[in-house]
>>> print(open('start_33.tsv').read())   # TSV, C-alpha atoms
chain	number	residue	atom	x	y	z
A	1	MET	CA	-2.44	-74.59	-175.15
A	2	LYS	CA	-4.92	-71.99	-176.32
A	3	VAL	CA	-6.89	-73.06	-179.40
A	4	LEU	CA	-9.36	-70.99	-181.40
A	5	VAL	CA	-12.20	-73.17	-182.70
A	6	THR	CA	-14.45	-71.44	-185.21
A	7	GLY	CA	-17.91	-72.84	-185.81
A	8	VAL	CA	-17.94	-74.01	-182.20
A	9	ALA	CA	-21.74	-74.25	-182.09
A	10	GLY	CA	-21.67	-76.40	-185.22
A	11	PHE	CA	-21.80	-80.17	-185.47
A	12	ILE	CA	-18.07	-80.94	-185.73
A	13	GLY	CA	-16.89	-77.80	-183.92
A	14	SER	CA	-18.76	-78.59	-180.71
A	15	TYR	CA	-17.23	-82.08	-180.61
A	16	VAL	CA	-13.72	-80.78	-181.31
A	17	ALA	CA	-14.01	-78.16	-178.57
A	18	GLY	CA	-15.21	-80.78	-176.10
A	19	ARG	CA	-12.30	-83.08	-176.83
A	20	LEU	CA	-9.78	-80.26	-176.52
A	21	LEU	CA	-11.23	-79.32	-173.14
A	22	ASP	CA	-11.00	-82.99	-172.09
A	23	HIS	CA	-7.28	-82.79	-172.87
A	24	GLY	CA	-6.88	-79.70	-170.68
A	25	ASP	CA	-6.51	-77.17	-173.50
A	26	GLU	CA	-7.99	-73.69	-173.35
A	27	VAL	CA	-10.63	-73.18	-176.06
A	28	VAL	CA	-11.80	-69.89	-177.49
A	29	GLY	CA	-15.00	-70.70	-179.36
A	30	LEU	CA	-16.32	-68.52	-182.16
A	31	ASP	CA	-19.71	-68.75	-183.89
A	32	ASN	CA	-22.27	-66.35	-185.31
A	33	LEU	CA	-25.23	-68.66	-184.53
A	34	ASN	CA	-26.87	-67.92	-187.89
A	35	ASP	CA	-30.24	-69.37	-188.80
A	36	TYR	CA	-29.17	-71.59	-191.73
A	37	TYR	CA	-30.72	-74.32	-189.59
A	38	ASP	CA	-32.43	-74.47	-186.19
A	39	VAL	CA	-30.57	-72.13	-183.84
A	40	ARG	CA	-31.95	-74.07	-180.85
A	41	LEU	CA	-29.81	-77.05	-181.83
A	42	LYS	CA	-26.73	-74.85	-182.00
A	43	GLU	CA	-27.56	-73.37	-178.61
A	44	ALA	CA	-28.00	-76.87	-177.17
A	45	ARG	CA	-24.56	-77.83	-178.43
A	46	LEU	CA	-23.09	-74.69	-176.87
A	47	ALA	CA	-24.84	-75.44	-173.58
A	48	ARG	CA	-22.80	-78.66	-173.32
A	49	LEU	CA	-19.61	-76.57	-173.39
A	50	ALA	CA	-20.72	-73.57	-171.31
A	51	GLY	CA	-19.24	-73.44	-167.85
A	52	ARG	CA	-16.48	-75.94	-168.60
A	53	LYS	CA	-13.05	-74.94	-167.34
A	54	GLY	CA	-11.02	-73.28	-170.06
A	55	PHE	CA	-13.91	-72.48	-172.40
A	56	THR	CA	-14.90	-69.00	-173.53
A	57	PHE	CA	-17.33	-68.12	-176.29
A	58	GLN	CA	-17.48	-65.13	-178.62
A	59	ARG	CA	-20.42	-64.53	-180.93
A	60	LEU	CA	-18.87	-63.05	-184.04
A	61	ASN	CA	-19.28	-63.13	-187.81
A	62	LEU	CA	-16.27	-64.21	-189.86
A	63	ALA	CA	-16.95	-61.35	-192.28
A	64	ASP	CA	-16.43	-58.83	-189.45
A	65	ARG	CA	-12.85	-57.87	-190.26
A	66	ALA	CA	-12.32	-55.57	-187.27
A	67	GLY	CA	-13.92	-58.08	-184.91
A	68	ILE	CA	-11.70	-60.93	-186.09
A	69	GLU	CA	-8.60	-58.74	-185.88
A	70	GLN	CA	-9.49	-57.79	-182.31
A	71	LEU	CA	-10.18	-61.41	-181.37
A	72	PHE	CA	-6.72	-62.54	-182.50
A	73	ALA	CA	-5.01	-59.54	-180.88
A	74	GLU	CA	-6.70	-60.09	-177.52
A	75	ARG	CA	-6.85	-63.89	-177.32
A	76	ARG	CA	-3.63	-64.80	-179.21
A	77	PRO	CA	-4.37	-68.48	-179.89
A	78	LEU	CA	-1.42	-70.79	-180.55
A	79	ARG	CA	-3.42	-72.98	-182.93
A	80	VAL	CA	-6.58	-72.41	-184.95
A	81	ILE	CA	-9.09	-75.08	-185.98
A	82	HIS	CA	-11.29	-73.34	-188.52
A	83	LEU	CA	-14.57	-75.18	-189.00
A	84	ALA	CA	-16.97	-72.27	-189.51
A	85	ALA	CA	-18.38	-71.97	-193.02
A	86	GLN	CA	-21.56	-71.65	-194.98
A	87	ALA	CA	-22.27	-75.31	-195.65
A	88	GLY	CA	-24.54	-77.14	-198.06
A	89	VAL	CA	-24.29	-77.90	-201.77
A	90	ARG	CA	-27.96	-77.33	-202.62
A	91	TYR	CA	-28.23	-74.13	-200.57
A	92	SER	CA	-25.37	-72.68	-202.64
A	93	LEU	CA	-27.56	-72.88	-205.75
A	94	THR	CA	-30.06	-70.38	-204.33
A	95	ASN	CA	-27.95	-68.33	-201.88
A	96	PRO	CA	-24.54	-67.92	-203.55
A	97	HIS	CA	-23.58	-64.65	-201.85
A	98	ALA	CA	-23.58	-66.29	-198.41
A	99	TYR	CA	-20.71	-68.53	-199.55
A	100	LEU	CA	-18.49	-65.71	-200.73
A	101	GLU	CA	-18.99	-63.73	-197.52
A	102	SER	CA	-18.33	-66.60	-195.12
A	103	ASN	CA	-16.12	-69.02	-197.02
A	104	LEU	CA	-13.89	-66.55	-198.89
A	105	THR	CA	-13.92	-63.20	-197.09
A	106	GLY	CA	-14.24	-64.91	-193.70
A	107	PHE	CA	-11.40	-67.32	-194.47
A	108	LEU	CA	-9.17	-64.41	-195.53
A	109	HIS	CA	-9.77	-62.78	-192.14
A	110	ILE	CA	-8.74	-66.01	-190.40
A	111	LEU	CA	-5.58	-66.28	-192.53
A	112	GLU	CA	-4.66	-62.68	-191.75
A	113	GLY	CA	-5.23	-63.23	-188.04
A	114	CYS	CA	-2.96	-66.29	-188.10
A	115	ARG	CA	-0.30	-64.48	-190.11
A	116	HIS	CA	-0.06	-61.44	-187.85
A	117	HIS	CA	-0.34	-63.13	-184.47
A	118	GLY	CA	2.12	-66.01	-184.51
A	119	VAL	CA	-0.28	-68.93	-184.92
A	120	GLU	CA	1.81	-72.10	-185.19
A	121	HIS	CA	-0.73	-74.18	-187.15
A	122	LEU	CA	-3.99	-73.48	-188.97
A	123	VAL	CA	-6.18	-76.53	-189.56
A	124	TYR	CA	-9.24	-75.82	-191.68
A	125	ALA	CA	-12.22	-77.74	-193.01
A	126	SER	CA	-12.29	-78.43	-196.71
A	127	SER	CA	-14.74	-80.90	-198.24
A	128	SER	CA	-14.99	-84.03	-200.36
A	129	SER	CA	-17.10	-81.89	-202.70
A	130	VAL	CA	-13.89	-80.43	-204.16
A	131	TYR	CA	-13.48	-83.66	-206.17
A	132	GLY	CA	-16.41	-82.50	-208.28
A	133	ALA	CA	-16.44	-84.14	-211.70
A	134	ASN	CA	-13.64	-86.58	-210.79
A	135	THR	CA	-14.63	-90.24	-211.28
A	136	ARG	CA	-11.33	-91.97	-210.48
A	137	MET	CA	-11.86	-93.79	-207.18
A	138	PRO	CA	-10.89	-93.66	-204.40
A	139	PHE	CA	-10.46	-89.90	-204.31
A	140	SER	CA	-6.88	-88.96	-203.43
A	141	VAL	CA	-5.44	-85.63	-202.30
A	142	HIS	CA	-2.82	-86.23	-204.99
A	143	HIS	CA	-5.47	-86.00	-207.74
A	144	ASN	CA	-6.18	-82.74	-209.56
A	145	VAL	CA	-9.47	-81.14	-208.43
A	146	ASP	CA	-10.13	-78.36	-210.93
A	147	HIS	CA	-13.73	-79.21	-211.85
A	148	PRO	CA	-16.06	-78.35	-208.91
A	149	LEU	CA	-19.79	-78.84	-209.51
A	150	SER	CA	-21.19	-76.30	-207.03
A	151	LEU	CA	-20.23	-72.90	-205.67
A	152	TYR	CA	-19.83	-74.51	-202.26
A	153	ALA	CA	-17.23	-76.89	-203.71
A	154	ALA	CA	-15.50	-74.03	-205.51
A	155	SER	CA	-15.32	-72.03	-202.27
A	156	LYS	CA	-13.65	-74.95	-200.50
A	157	LYS	CA	-11.14	-75.40	-203.32
A	158	ALA	CA	-10.49	-71.66	-203.09
A	159	ASN	CA	-9.75	-72.08	-199.36
A	160	GLU	CA	-7.07	-74.64	-200.19
A	161	LEU	CA	-5.49	-72.27	-202.72
A	162	MET	CA	-5.62	-69.33	-200.33
A	163	ALA	CA	-4.05	-71.40	-197.56
A	164	HIS	CA	-1.23	-72.47	-199.86
A	165	THR	CA	-0.52	-68.85	-200.73
A	166	TYR	CA	-0.13	-67.94	-197.05
A	167	SER	CA	2.00	-71.02	-196.39
A	168	HIS	CA	4.26	-70.03	-199.30
A	169	LEU	CA	4.48	-66.29	-198.69
A	170	TYR	CA	4.53	-66.16	-194.90
A	171	GLY	CA	5.58	-69.64	-193.78
A	172	LEU	CA	2.22	-70.19	-192.06
A	173	PRO	CA	1.75	-73.95	-191.53
A	174	THR	CA	-1.69	-74.91	-192.86
A	175	THR	CA	-3.51	-78.23	-193.18
A	176	GLY	CA	-6.76	-78.68	-195.07
A	177	LEU	CA	-9.08	-81.56	-194.20
A	178	ARG	CA	-11.48	-82.91	-196.80
A	179	PHE	CA	-14.38	-84.30	-194.78
A	180	PHE	CA	-16.55	-87.03	-196.28
A	181	THR	CA	-20.30	-86.97	-195.38
A	182	VAL	CA	-20.09	-86.59	-191.61
A	183	TYR	CA	-22.94	-87.99	-189.51
A	184	GLY	CA	-23.76	-88.87	-185.92
A	185	PRO	CA	-25.48	-87.51	-182.79
A	186	TRP	CA	-25.94	-83.72	-182.75
A	187	GLY	CA	-25.67	-83.73	-186.55
A	188	ARG	CA	-26.89	-81.14	-189.03
A	189	PRO	CA	-30.63	-81.10	-189.80
A	190	ASP	CA	-29.97	-80.47	-193.51
A	191	MET	CA	-28.11	-83.78	-193.95
A	192	ALA	CA	-29.74	-86.90	-195.37
A	193	LEU	CA	-29.66	-89.05	-192.23
A	194	PHE	CA	-31.33	-86.34	-190.13
A	195	LEU	CA	-33.93	-85.54	-192.82
A	196	PHE	CA	-34.73	-89.23	-193.36
A	197	THR	CA	-35.06	-89.96	-189.64
A	198	LYS	CA	-37.44	-87.04	-189.06
A	199	ALA	CA	-39.59	-87.91	-192.08
A	200	ILE	CA	-39.82	-91.65	-191.32
A	201	ILE	CA	-40.81	-91.01	-187.70
A	202	GLU	CA	-43.47	-88.55	-188.85
A	203	GLY	CA	-44.73	-90.89	-191.57
A	204	LYS	CA	-43.76	-88.52	-194.38
A	205	PRO	CA	-42.04	-89.40	-197.68
A	206	ILE	CA	-38.26	-89.14	-198.04
A	207	ASP	CA	-36.65	-87.75	-201.19
A	208	VAL	CA	-34.28	-90.35	-202.67
A	209	PHE	CA	-32.18	-88.64	-205.31
A	210	ASN	CA	-30.66	-90.28	-208.39
A	211	GLU	CA	-33.27	-93.03	-207.96
A	212	GLY	CA	-31.24	-94.28	-205.00
A	213	ARG	CA	-28.09	-94.90	-207.08
A	214	MET	CA	-25.89	-92.78	-204.83
A	215	ARG	CA	-22.86	-93.94	-202.85
A	216	ARG	CA	-21.39	-91.92	-200.02
A	217	ASP	CA	-18.39	-92.45	-197.78
A	218	PHE	CA	-20.38	-91.83	-194.58
A	219	THR	CA	-17.94	-90.95	-191.78
A	220	TYR	CA	-18.91	-91.05	-188.11
A	221	VAL	CA	-18.30	-87.82	-186.22
A	222	ASP	CA	-16.01	-89.35	-183.56
A	223	ASP	CA	-13.69	-90.53	-186.33
A	224	ILE	CA	-13.68	-87.07	-187.89
A	225	VAL	CA	-12.79	-85.47	-184.56
A	226	GLU	CA	-10.01	-87.95	-183.88
A	227	GLY	CA	-8.53	-87.14	-187.27
A	228	VAL	CA	-8.81	-83.39	-186.70
A	229	LEU	CA	-7.02	-83.54	-183.34
A	230	ARG	CA	-4.25	-85.82	-184.56
A	231	VAL	CA	-3.60	-83.65	-187.59
A	232	SER	CA	-3.69	-80.48	-185.48
A	233	ALA	CA	-0.86	-81.86	-183.37
A	234	ARG	CA	1.24	-82.51	-186.49
A	235	VAL	CA	2.54	-79.17	-187.75
A	236	PRO	CA	3.44	-79.55	-191.44
A	237	THR	CA	6.81	-78.75	-192.91
A	238	GLY	CA	7.77	-78.30	-196.54
A	239	ASP	CA	8.23	-81.33	-198.77
A	240	LEU	CA	11.76	-80.98	-200.13
A	241	GLN	CA	11.03	-83.62	-202.78
A	242	TRP	CA	8.21	-81.55	-204.29
A	243	ARG	CA	8.82	-80.63	-207.93
A	244	GLY	CA	7.30	-77.82	-209.93
A	245	ASP	CA	7.56	-79.75	-213.20
A	246	GLN	CA	5.50	-82.58	-211.68
A	247	PRO	CA	3.42	-80.73	-209.06
A	248	ASP	CA	1.75	-82.88	-206.42
A	249	PRO	CA	-1.56	-81.18	-205.40
A	250	GLY	CA	-1.48	-82.73	-201.92
A	251	THR	CA	1.89	-81.38	-200.76
A	252	SER	CA	4.21	-78.44	-201.39
A	253	ARG	CA	7.63	-77.01	-200.67
A	254	ALA	CA	5.68	-74.72	-198.36
A	255	PRO	CA	4.43	-75.97	-194.93
A	256	TYR	CA	1.13	-77.08	-196.44
A	257	ARG	CA	-0.74	-80.37	-196.44
A	258	LEU	CA	-4.10	-81.84	-197.41
A	259	TYR	CA	-5.78	-84.95	-195.99
A	260	ASN	CA	-8.97	-86.84	-196.66
A	261	ILE	CA	-10.92	-87.92	-193.59
A	262	GLY	CA	-13.41	-90.52	-194.73
A	263	ASN	CA	-14.50	-94.01	-193.79
A	264	ASN	CA	-12.82	-95.50	-196.88
A	265	SER	CA	-15.96	-97.61	-197.41
A	266	PRO	CA	-18.72	-96.15	-199.62
A	267	VAL	CA	-22.30	-97.06	-198.71
A	268	GLU	CA	-25.21	-97.31	-201.13
A	269	LEU	CA	-27.94	-94.81	-200.32
A	270	MET	CA	-30.54	-97.57	-200.34
A	271	TYR	CA	-28.50	-99.53	-197.79
A	272	LEU	CA	-28.34	-96.47	-195.54
A	273	ILE	CA	-32.13	-96.23	-195.74
A	274	GLU	CA	-32.54	-99.95	-194.96
A	275	THR	CA	-30.19	-99.60	-191.97
A	276	LEU	CA	-32.15	-96.61	-190.73
A	277	GLU	CA	-35.47	-98.45	-191.16
A	278	ARG	CA	-34.16	-101.29	-188.99
A	279	ALA	CA	-32.93	-98.88	-186.31
A	280	LEU	CA	-36.29	-97.07	-186.26
A	281	GLY	CA	-38.42	-100.17	-186.64
A	282	LYS	CA	-40.41	-98.43	-189.36
A	283	GLN	CA	-40.47	-98.46	-193.16
A	284	ALA	CA	-39.74	-95.34	-195.20
A	285	ILE	CA	-42.09	-93.94	-197.82
A	286	LYS	CA	-39.70	-93.33	-200.69
A	287	ARG	CA	-40.08	-90.65	-203.34
A	288	MET	CA	-37.57	-91.51	-206.09
A	289	LEU	CA	-36.13	-88.43	-207.79
A	290	PRO	CA	-33.43	-87.66	-210.38
A	291	MET	CA	-29.95	-86.39	-209.54
A	292	GLN	CA	-29.92	-82.85	-208.21
A	293	PRO	CA	-27.72	-80.10	-209.70
A	294	GLY	CA	-24.37	-79.90	-207.91
A	295	ASP	CA	-24.54	-83.48	-206.59
A	296	VAL	CA	-22.09	-86.24	-207.46
A	297	PRO	CA	-23.04	-89.93	-207.78
A	298	ALA	CA	-20.35	-91.28	-205.45
A	299	THR	CA	-17.63	-90.35	-202.95
A	300	TYR	CA	-14.85	-92.62	-201.72
A	301	ALA	CA	-11.87	-91.45	-199.65
A	302	ASP	CA	-8.29	-92.61	-200.02
A	303	VAL	CA	-6.96	-92.18	-196.47
A	304	ASP	CA	-3.50	-93.69	-196.90
A	305	ASP	CA	-1.75	-90.37	-196.21
A	306	LEU	CA	-3.76	-89.83	-193.02
A	307	ALA	CA	-3.00	-93.34	-191.77
A	308	ARG	CA	0.70	-93.00	-192.58
A	309	ASP	CA	1.22	-89.56	-191.05
A	310	VAL	CA	-0.95	-89.66	-187.93
A	311	GLY	CA	-1.56	-93.40	-187.44
A	312	PHE	CA	-5.33	-93.29	-187.71
A	313	LYS	CA	-8.11	-94.09	-190.17
A	314	PRO	CA	-11.87	-93.95	-189.60
A	315	ALA	CA	-13.55	-97.33	-189.13
A	316	THR	CA	-16.95	-96.94	-187.42
A	317	PRO	CA	-19.45	-99.23	-189.23
A	318	ILE	CA	-22.50	-97.51	-190.67
A	319	GLU	CA	-24.80	-99.82	-188.69
A	320	GLU	CA	-23.29	-98.72	-185.38
A	321	GLY	CA	-23.20	-95.06	-186.32
A	322	VAL	CA	-26.84	-95.02	-187.43
A	323	ARG	CA	-27.91	-96.81	-184.24
A	324	ARG	CA	-26.18	-94.16	-182.12
A	325	PHE	CA	-27.70	-91.34	-184.13
A	326	VAL	CA	-31.24	-92.73	-183.81
A	327	ALA	CA	-30.80	-93.18	-180.05
A	328	TRP	CA	-29.68	-89.55	-179.74
A	329	TYR	CA	-32.49	-88.28	-181.97
A	330	ARG	CA	-35.17	-90.06	-179.96
A	331	GLU	CA	-33.79	-88.71	-176.70
A	332	PHE	CA	-33.16	-85.13	-177.88
A	333	TYR	CA	-36.53	-84.71	-179.58
A	334	ARG	CA	-38.40	-86.95	-177.12
A	335	VAL	CA	-39.89	-89.20	-179.80
>>> encode(input="start_33.tsv", output="structure tokens")
Amino acid sequence: MKVLVTGVAGFIGSYVAGRLLDHGDEVVGLDNLNDYYDVRLKEARLARLAGRKGFTFQRLNLADRAGIEQLFAERRPLRVIHLAAQAGVRYSLTNPHAYLESNLTGFLHILEGCRHHGVEHLVYASSSSVYGANTRMPFSVHHNVDHPLSLYAASKKANELMAHTYSHLYGLPTTGLRFFTVYGPWGRPDMALFLFTKAIIEGKPIDVFNEGRMRRDFTYVDDIVEGVLRVSARVPTGDLQWRGDQPDPGTSRAPYRLYNIGNNSPVELMYLIETLERALGKQAIKRMLPMQPGDVPATYADVDDLARDVGFKPATPIEEGVRRFVAWYREFYRV
């Protein structure tokens, strides 16, 4: 089938597009190749897809309403996997307008394209950051998430609300995926594992926030992609047992669902650093710092719904994932 993948030059998007092409699907890839991080890395990801049978690429900004309308009208994808967004919690503290343009206006344009052109299923990236001030662990899609701690988190919660509106009003099947700290080869340079690896190799200090007392549900990219593809193939229907007097945030009478995709095994930040030191064969110079605004002390995914509905749960051990990342980093950057 024909699938539109937005953010195709991004970390997760490039993997998803590759897997779809492996399955024989036709992929229309969209990305604006912005300079939030090194464009050369994005171009290198795209180069792995260029020339493959069934792949076409369109450079386009999500905020370009006319351009998105034309894309849907001309390409008419059957499914949409929407992974493009302005990412980053800390960046949202200093560049808030970028999040409204991409994550809200851009998402509206995707919803409208799906609505008017017969898309059978919209799968979109949400984030574990929506859990915000929640401390009940593990985080469940059935928990209320009304206390985001960053504009990035608020924009992702807004996406979930917008998607539900379109599912309710227009019968558009939508599924939101709350990703938990994705890492692996070809990863984002603004993420901790990438930053730590670069600094340790160069003999520079690493910033360890909250004095190292952070726990993250690090999830290997192959597991994320497997979850995305399985969920994409499962078009949601309305939950007839849903009740307005006891509303379940994770389901609806509309064709709308939410899933966590996380490793279901939080890792201490200090253990991640120790694992990375072993993989690199070099000790880190640690600069211990307090918690940063917008950060949360821990994330931990309840993936029972994902396992029940699509028969899969992430399970790549952090030791194996870090080893693979370091091997890729050394090869890609020739260090």
>>> residues_around(input="start_33.tsv", residues="stretch 227-244 of chain A", least_positions_apart="3", cutoff="8 Å", atoms="all atoms listed in the file", output="list in words")
Val16, Arg79, Ile81, Glu120, His121, Leu122, Val123, Pro173, Thr174, Thr175, Leu177, Asp223, Ile224, Pro247, Asp248, Thr251, Ser252, Arg253, Ala254, Pro255, Tyr256, Arg257, Ile261, Leu306, Val310, Phe312, Lys313 and Pro314 of chain A
>>> closest_residue(input="start_33.tsv", among="A:Thr219, A:Asn32, A:Thr135, A:Ser140", to="A:Leu258", atoms="only C-alpha atoms")
A:Ser140
>>> closest_residue(input="start_33.tsv", among="A:Pro189, A:Gly106, A:Gly321, A:Gly311", to="A:Met162", atoms="all atoms listed in the file")
A:Gly106
>>> atom_distance(input="start_33.tsv", atom1="atom CA of A:Leu93", atom2="atom CA of A:Gly203")
28.6 Å
>>> closest_residue(input="start_33.tsv", among="A:Arg308, A:Arg59, A:Arg115, A:Arg90", to="A:Leu78", atoms="all atoms listed in the file")
A:Arg115
>>> atom_distance(input="start_33.tsv", atom1="atom CA of A:Asp38", atom2="atom CA of A:Arg52")
23.8 Å
>>> residues_around(input="start_33.tsv", residues="A:Ile200", least_positions_apart="6", cutoff="8 Å", atoms="all atoms listed in the file", output="list of chain:residue names")
A:Ile206, A:Lys282, A:Gln283, A:Ala284, A:Ile285
>>> residues_around(input="start_33.tsv", residues="A:Pro249", least_positions_apart="4", cutoff="7 Å", atoms="all atoms listed in the file", output="MDAnalysis selection string")
chainID A and resid 141:144
>>> write_last_selection(input="start_33.tsv", atoms="C-alpha atoms", output="PDB file, in the frame of the given file")
ATOM      1  CA  VAL A 141      -5.440 -85.630-202.300  1.00  0.00           C
ATOM      2  CA  HIS A 142      -2.820 -86.230-204.990  1.00  0.00           C
ATOM      3  CA  HIS A 143      -5.470 -86.000-207.740  1.00  0.00           C
ATOM      4  CA  ASN A 144      -6.180 -82.740-209.560  1.00  0.00           C
TER       5      ASN A 144
END
>>> residues_near_point(input="start_33.tsv", point="(-15.1, -81.9, -176.0)", cutoff="12 Å", atoms="only C-alpha atoms", output="number ranges by chain")
A: 5, 8-9, 11-27, 29, 45-50, 52-55, 222, 225-226, 229
>>> atom_distance(input="start_33.tsv", atom1="atom CA of A:Glu319", atom2="atom CA of A:Thr275")
6.3 Å
>>> residues_around(input="start_33.tsv", residues="A:His116", least_positions_apart="5", cutoff="10 Å", atoms="all atoms listed in the file", output="PyMOL selection string")
chain A and resi 69+72-73+76+111+170+172
>>> write_last_selection(input="start_33.tsv", atoms="C-alpha atoms", output="mmCIF file, in the coordinates of the input")
data_model
loop_
_atom_site.group_PDB
_atom_site.id
_atom_site.type_symbol
_atom_site.label_atom_id
_atom_site.label_comp_id
_atom_site.auth_asym_id
_atom_site.auth_seq_id
_atom_site.Cartn_x
_atom_site.Cartn_y
_atom_site.Cartn_z
ATOM 1 C CA GLU A 69 -8.600 -58.740 -185.880
ATOM 2 C CA PHE A 72 -6.720 -62.540 -182.500
ATOM 3 C CA ALA A 73 -5.010 -59.540 -180.880
ATOM 4 C CA ARG A 76 -3.630 -64.800 -179.210
ATOM 5 C CA LEU A 111 -5.580 -66.280 -192.530
ATOM 6 C CA TYR A 170 4.530 -66.160 -194.900
ATOM 7 C CA LEU A 172 2.220 -70.190 -192.060
#
>>> closest_residue(input="start_33.tsv", among="A:Tyr131, A:Trp186, A:Tyr166, A:Phe180", to="A:Leu149", atoms="only C-alpha atoms")
A:Tyr131
>>> residues_around(input="start_33.tsv", residues="stretch 299-304 of chain A", least_positions_apart="5", cutoff="6 Å", atoms="only C-alpha atoms", output="number ranges by chain")
A: 138-140, 216-217, 260, 262, 264, 266
>>> closest_residue(input="start_33.tsv", among="A:Ala154, A:Ile201, A:Val80, A:Val89", to="A:Pro293", atoms="all atoms listed in the file")
A:Val89
>>> axis_aligned_box(input="start_33.tsv", around="stretch 145-151 of chain A", padding_each_side="4 Å", output="lines of an AutoDock Vina configuration file")
center_x = -15.3
center_y = -77.0
center_z = -208.8
size_x = 19.7
size_y = 16.2
size_z = 14.2
>>> closest_residue(input="start_33.tsv", among="A:Glu101, A:Asp35, A:Asp245, A:Glu277", to="A:Lys198", atoms="only C-alpha atoms")
A:Glu277
>>> decode(input="start_33.tsv", residues="stretch 24-83 of chain A", atoms="C-alpha atoms", output="short mmCIF file (atom, residue, chain, number, x, y, z; two decimals), in the first residue's frame")
data_model
loop_
_atom_site.label_atom_id
_atom_site.label_comp_id
_atom_site.auth_asym_id
_atom_site.auth_seq_id
_atom_site.Cartn_x
_atom_site.Cartn_y
_atom_site.Cartn_z
CA GLY A 24 7.03 -4.01 -0.48
CA ASP A 25 4.98 -0.94 0.44
CA GLU A 26 5.22 2.34 -1.45
CA VAL A 27 6.54 5.14 0.77
CA VAL A 28 6.06 8.84 0.26
CA GLY A 29 8.59 10.50 2.57
CA LEU A 30 8.17 14.05 3.83
CA ASP A 31 10.71 16.16 5.72
CA ASN A 32 11.76 19.80 5.82
CA LEU A 33 15.40 18.98 6.74
CA ASN A 34 15.54 21.81 9.28
CA ASP A 35 18.72 22.61 11.16
CA TYR A 36 17.56 21.77 14.70
CA TYR A 37 20.51 19.36 14.57
CA ASP A 38 23.16 18.46 12.00
CA VAL A 39 21.50 18.36 8.58
CA ARG A 40 24.30 16.11 7.30
CA LEU A 41 23.05 13.31 9.55
CA LYS A 42 19.54 13.72 8.18
CA GLU A 43 20.88 13.68 4.63
CA ALA A 44 22.87 10.52 5.40
CA ARG A 45 19.71 8.82 6.64
CA LEU A 46 17.88 9.88 3.48
CA ALA A 47 20.73 8.57 1.33
CA ARG A 48 20.04 5.07 2.69
CA LEU A 49 16.49 5.30 1.28
CA ALA A 50 17.17 7.14 -1.98
CA GLY A 51 16.92 5.00 -5.07
CA ARG A 52 15.02 2.19 -3.34
CA LYS A 53 12.05 0.87 -5.26
CA GLY A 54 8.83 2.49 -4.12
CA PHE A 55 10.40 5.46 -2.33
CA THR A 56 9.79 9.10 -3.21
CA PHE A 57 10.80 12.12 -1.17
CA GLN A 58 9.22 15.55 -0.86
CA ARG A 59 10.91 18.38 1.02
CA LEU A 60 8.06 20.25 2.64
CA ASN A 61 7.26 22.10 5.85
CA LEU A 62 4.27 20.87 7.85
CA ALA A 63 3.18 24.47 8.36
CA ASP A 64 2.80 24.90 4.58
CA ARG A 65 -0.96 24.42 4.37
CA ALA A 66 -1.22 24.58 0.58
CA GLY A 67 1.76 22.29 0.15
CA ILE A 68 0.33 19.64 2.48
CA GLU A 69 -3.07 19.85 0.80
CA GLN A 70 -1.45 19.35 -2.60
CA LEU A 71 0.64 16.44 -1.32
CA PHE A 72 -2.44 14.55 -0.10
CA ALA A 73 -4.42 15.36 -3.25
CA GLU A 74 -1.66 14.15 -5.58
CA ARG A 75 -0.24 11.19 -3.64
CA ARG A 76 -3.41 9.94 -1.89
CA PRO A 77 -1.78 7.73 0.76
CA LEU A 78 -3.86 4.95 2.30
CA ARG A 79 -2.13 5.24 5.67
CA VAL A 80 -0.14 8.01 7.34
CA ILE A 81 2.63 7.53 9.90
CA HIS A 82 3.22 11.01 11.27
CA LEU A 83 6.59 11.27 13.00
#
